[in-house]
Amino acid sequence: MRSGFTVLVIEPIHPCGIVVLEKYGKVVQLGSGATWRDVLRFCGEADAFISRGFVKIPREVLEASERLKVIGIHGVGIDHIDVEFAEKKGVRIVRTPEALTESVAEFTVGLMLALLRKIPLADSAVRRGEWDRKYSDLVGVELMGKTVGILGLGRIGSAVAKRLHGFSVNLVYYQRNRNMELERLLGLKYVSFHELLRVSDVITIHVPLTPETYHMISSKEFDLMKRGVYIVNTARGAVIDEKALYEALVSGKVAGAALDVFETEPLALNSPLARLENVILTPHLAASCEETLKRLAVAVAERVIQALQEYAWQP
């Protein structure tokens, strides 16, 4: 079995993944805060990259990566890669979607509850001695009895639906292909995209970022929604037009939003969204728990090594 591979780990992963990689060759690790220009400095010797999706891998990097055979995705998204050029170059992309499904689903439901019950605002109020706000602007709404629209019923959307089933909510969903099994199991109702926007009290987003889903929720989509709707996004930031979302939050059309992802990451300190109290902001954190990070690191390391070995076995 061939060893001696060089793997460039573009963003930090759990050390248990590094241990797996080091059994087969050299590991070069870039620190947090690296950019694609930093990748350019080291990519020439790399047989594989491991990416968490926060650093772009544009054509310039791929052109300079003469030995590159595999890109391992620590998660799901590939919108940060020039996929078309990678495919032309014969670079294989391997992903690890199943390793993060449960943690992202848990985080999504956590954000939903925190948003409806105003938990972050309540915490801040207590710390500032504003106890009496419990009688005014800290009064939230129940999740029970609400219609929750799930936009995208893939692995994560399905896991969210299973968790929400226990909250006595009305579940509707939209995606290209119906999931008849989950409809029977959970009482899910399939609706069109526009119908989901019209009937939902809470909308949770679980679609990948593609040319078709870019800004799929913008001003005209907000116009279709109920006044006072809540939005949760743990998928990709650019699925929502952030300028349109800001306007909807200020006008009250959207009662609140919980966002773990943004059009540009990290979110700028001067972002208008950061000035609003009816928004929960987290730093692309949904998959960041100890168990998940271990699973992801080991899974991506193993799949990268397997793919490299398959290349080595080819005549």
# chains A, B, ... in the order shown; residues from 1 in each chain; ligands from 1
call {"tool": "residues_around", "arguments": {"residues": "Glu22 in chain A", "least_positions_apart": "6", "cutoff": "12 Å", "atoms": "only C-alpha atoms", "output": "tab-separated table (two decimals) with N, CA and C atoms, in the first residue's frame"}}
result
chain	number	residue	atom	x	y	z
A	3	SER	N	2.36	4.85	0.51
A	3	SER	CA	2.26	5.97	1.45
A	3	SER	C	3.08	7.11	0.87
A	4	GLY	N	3.35	8.13	1.68
A	4	GLY	CA	4.15	9.24	1.21
A	4	GLY	C	3.36	10.35	0.56
A	5	PHE	N	2.07	10.39	0.79
A	5	PHE	CA	1.25	11.47	0.27
A	5	PHE	C	1.50	12.75	1.06
A	6	THR	N	1.26	13.89	0.42
A	6	THR	CA	1.29	15.17	1.11
A	6	THR	C	-0.11	15.77	1.07
A	7	VAL	N	-0.64	16.07	2.25
A	7	VAL	CA	-1.99	16.62	2.36
A	7	VAL	C	-1.90	18.01	2.97
A	8	LEU	N	-2.49	19.00	2.29
A	8	LEU	CA	-2.54	20.37	2.78
A	8	LEU	C	-3.88	20.59	3.46
A	9	VAL	N	-3.84	20.79	4.78
A	9	VAL	CA	-5.06	21.05	5.56
A	9	VAL	C	-5.23	22.56	5.64
A	15	PRO	N	-7.58	17.24	15.93
A	15	PRO	CA	-6.29	16.51	15.86
A	15	PRO	C	-6.42	15.03	15.51
A	16	CYS	N	-7.56	14.41	15.82
A	16	CYS	CA	-7.68	12.98	15.52
A	16	CYS	C	-7.65	12.72	14.01
A	28	VAL	N	0.63	19.25	5.95
A	28	VAL	CA	0.92	20.68	6.08
A	28	VAL	C	-0.36	21.36	6.53
A	29	GLN	N	-0.31	22.06	7.67
A	29	GLN	CA	-1.50	22.68	8.22
A	29	GLN	C	-1.38	24.20	8.18
A	298	VAL	N	-12.03	12.63	11.15
A	298	VAL	CA	-11.64	11.25	10.83
A	298	VAL	C	-12.23	10.85	9.48
A	301	ALA	N	-10.38	12.59	6.58
A	301	ALA	CA	-9.03	12.05	6.46
A	301	ALA	C	-9.06	10.67	5.80
A	302	GLU	N	-9.96	9.82	6.25
A	302	GLU	CA	-10.05	8.47	5.70
A	302	GLU	C	-10.45	8.48	4.23
A	305	ILE	N	-7.46	9.73	2.03
A	305	ILE	CA	-6.44	8.69	1.88
A	305	ILE	C	-6.93	7.58	0.95
call {"tool": "residues_around", "arguments": {"residues": "Arg95 in chain A", "least_positions_apart": "5", "cutoff": "9 Å", "atoms": "only C-alpha atoms", "output": "list in words"}}
result
Ile71, Gly72, Ile73, His74, Gly75, Val76, Gly77, Ile78, Ala299, Val300 and Arg303 of chain A
call {"tool": "write_last_selection", "arguments": {"atoms": "C-alpha atoms", "output": "PDB file, in the first residue's frame"}}
result
ATOM      1  CA  ILE A  71     -10.069  17.749  -2.337  1.00  0.00           C
ATOM      2  CA  GLY A  72     -11.635  16.479   0.878  1.00  0.00           C
ATOM      3  CA  ILE A  73     -14.573  18.483   2.193  1.00  0.00           C
ATOM      4  CA  HIS A  74     -14.884  18.639   5.969  1.00  0.00           C
ATOM      5  CA  GLY A  75     -18.682  18.823   5.646  1.00  0.00           C
ATOM      6  CA  VAL A  76     -20.969  19.322   2.663  1.00  0.00           C
ATOM      7  CA  GLY A  77     -20.667  22.615   0.781  1.00  0.00           C
ATOM      8  CA  ILE A  78     -18.530  22.993  -2.346  1.00  0.00           C
ATOM      9  CA  ALA A 299     -14.135  10.802   7.993  1.00  0.00           C
ATOM     10  CA  VAL A 300     -12.527  13.363   5.700  1.00  0.00           C
ATOM     11  CA  ARG A 303     -11.822   9.385   2.472  1.00  0.00           C
TER      12      ARG A 303
END
call {"tool": "closest_atom_pairs", "arguments": {"of": "range 202-246 of chain A", "to": "range 115-128 of chain A", "cutoff": "10 Å", "atoms": "only C-alpha atoms", "output": "JSON lines"}}
result
{"residue": "A:Val202", "atom": "CA", "partner": "A:Leu116", "partner_atom": "CA", "distance": 9.2}
{"residue": "A:Tyr230", "atom": "CA", "partner": "A:Leu116", "partner_atom": "CA", "distance": 7.8}
{"residue": "A:Ile231", "atom": "CA", "partner": "A:Leu115", "partner_atom": "CA", "distance": 9.0}
{"residue": "A:Val232", "atom": "CA", "partner": "A:Leu115", "partner_atom": "CA", "distance": 8.6}
call {"tool": "write_last_selection", "arguments": {"atoms": "N, CA and C atoms", "output": "short mmCIF file (atom, residue, chain, number, x, y, z; two decimals), in the first residue's frame"}}
result
data_model
loop_
_atom_site.label_atom_id
_atom_site.label_comp_id
_atom_site.auth_asym_id
_atom_site.auth_seq_id
_atom_site.Cartn_x
_atom_site.Cartn_y
_atom_site.Cartn_z
N VAL A 202 -42.83 29.96 10.67
CA VAL A 202 -41.38 29.86 10.82
C VAL A 202 -40.86 29.17 9.56
N TYR A 230 -40.85 34.15 11.15
CA TYR A 230 -39.49 33.99 11.66
C TYR A 230 -38.68 33.18 10.65
N ILE A 231 -37.39 33.54 10.51
CA ILE A 231 -36.51 32.89 9.53
C ILE A 231 -35.30 32.32 10.27
N VAL A 232 -34.96 31.05 9.97
CA VAL A 232 -33.75 30.42 10.51
C VAL A 232 -32.92 29.92 9.33
#
call {"tool": "closest_residue", "arguments": {"among": "A:Thr35, A:Ser65, A:Ser192, A:Ser219", "to": "Asp47 in chain A", "atoms": "only C-alpha atoms"}}
result
A:Ser65
call {"tool": "select_by_dssp", "arguments": {"residues": "range 31-90 of chain A", "states": "strand (DSSP E)", "output": "compact mmCIF listing (two decimals) with C-alpha atoms, in the first residue's frame"}}
result
# COMPACT_ATOMS: atom_id res chain seq x y z
CA ALA A 48 -4.70 16.53 -1.61
CA PHE A 49 -6.39 19.42 0.14
CA ILE A 50 -8.70 19.23 3.13
CA SER A 51 -11.10 22.17 3.24
CA VAL A 70 -8.25 15.04 -4.29
CA ILE A 71 -10.07 17.75 -2.34
CA GLY A 72 -11.63 16.48 0.88
CA ILE A 73 -14.57 18.48 2.19
call {"tool": "decode", "arguments": {"residues": "range 210-236 of chain A", "atoms": "C-alpha atoms", "output": "PDB file, in the first residue's frame"}}
result
ATOM      1  CA  THR A 210     -26.216  26.883  -6.336  1.00  0.00           C
ATOM      2  CA  PRO A 211     -26.922  29.348  -9.148  1.00  0.00           C
ATOM      3  CA  GLU A 212     -30.613  28.385  -8.764  1.00  0.00           C
ATOM      4  CA  THR A 213     -30.732  28.986  -4.989  1.00  0.00           C
ATOM      5  CA  TYR A 214     -28.681  32.203  -4.911  1.00  0.00           C
ATOM      6  CA  HIS A 215     -30.971  34.887  -3.411  1.00  0.00           C
ATOM      7  CA  MET A 216     -33.949  32.555  -3.752  1.00  0.00           C
ATOM      8  CA  ILE A 217     -35.405  34.535  -0.846  1.00  0.00           C
ATOM      9  CA  SER A 218     -35.432  38.248  -1.680  1.00  0.00           C
ATOM     10  CA  SER A 219     -37.902  41.137  -1.645  1.00  0.00           C
ATOM     11  CA  LYS A 220     -40.674  39.485  -3.672  1.00  0.00           C
ATOM     12  CA  GLU A 221     -40.443  36.332  -1.555  1.00  0.00           C
ATOM     13  CA  PHE A 222     -40.680  38.349   1.665  1.00  0.00           C
ATOM     14  CA  ASP A 223     -43.765  40.056   0.213  1.00  0.00           C
ATOM     15  CA  LEU A 224     -45.455  36.636  -0.012  1.00  0.00           C
ATOM     16  CA  MET A 225     -44.793  35.758   3.618  1.00  0.00           C
ATOM     17  CA  LYS A 226     -47.044  36.303   6.617  1.00  0.00           C
ATOM     18  CA  ARG A 227     -46.367  39.431   8.601  1.00  0.00           C
ATOM     19  CA  GLY A 228     -44.412  38.392  11.698  1.00  0.00           C
ATOM     20  CA  VAL A 229     -42.731  35.333  10.159  1.00  0.00           C
ATOM     21  CA  TYR A 230     -39.494  33.986  11.659  1.00  0.00           C
ATOM     22  CA  ILE A 231     -36.506  32.892   9.534  1.00  0.00           C
ATOM     23  CA  VAL A 232     -33.751  30.420  10.509  1.00  0.00           C
ATOM     24  CA  ASN A 233     -30.788  29.840   8.194  1.00  0.00           C
ATOM     25  CA  THR A 234     -28.098  27.240   8.896  1.00  0.00           C
ATOM     26  CA  ALA A 235     -27.501  26.407   5.220  1.00  0.00           C
ATOM     27  CA  ARG A 236     -25.706  29.061   3.149  1.00  0.00           C
TER      28      ARG A 236
END
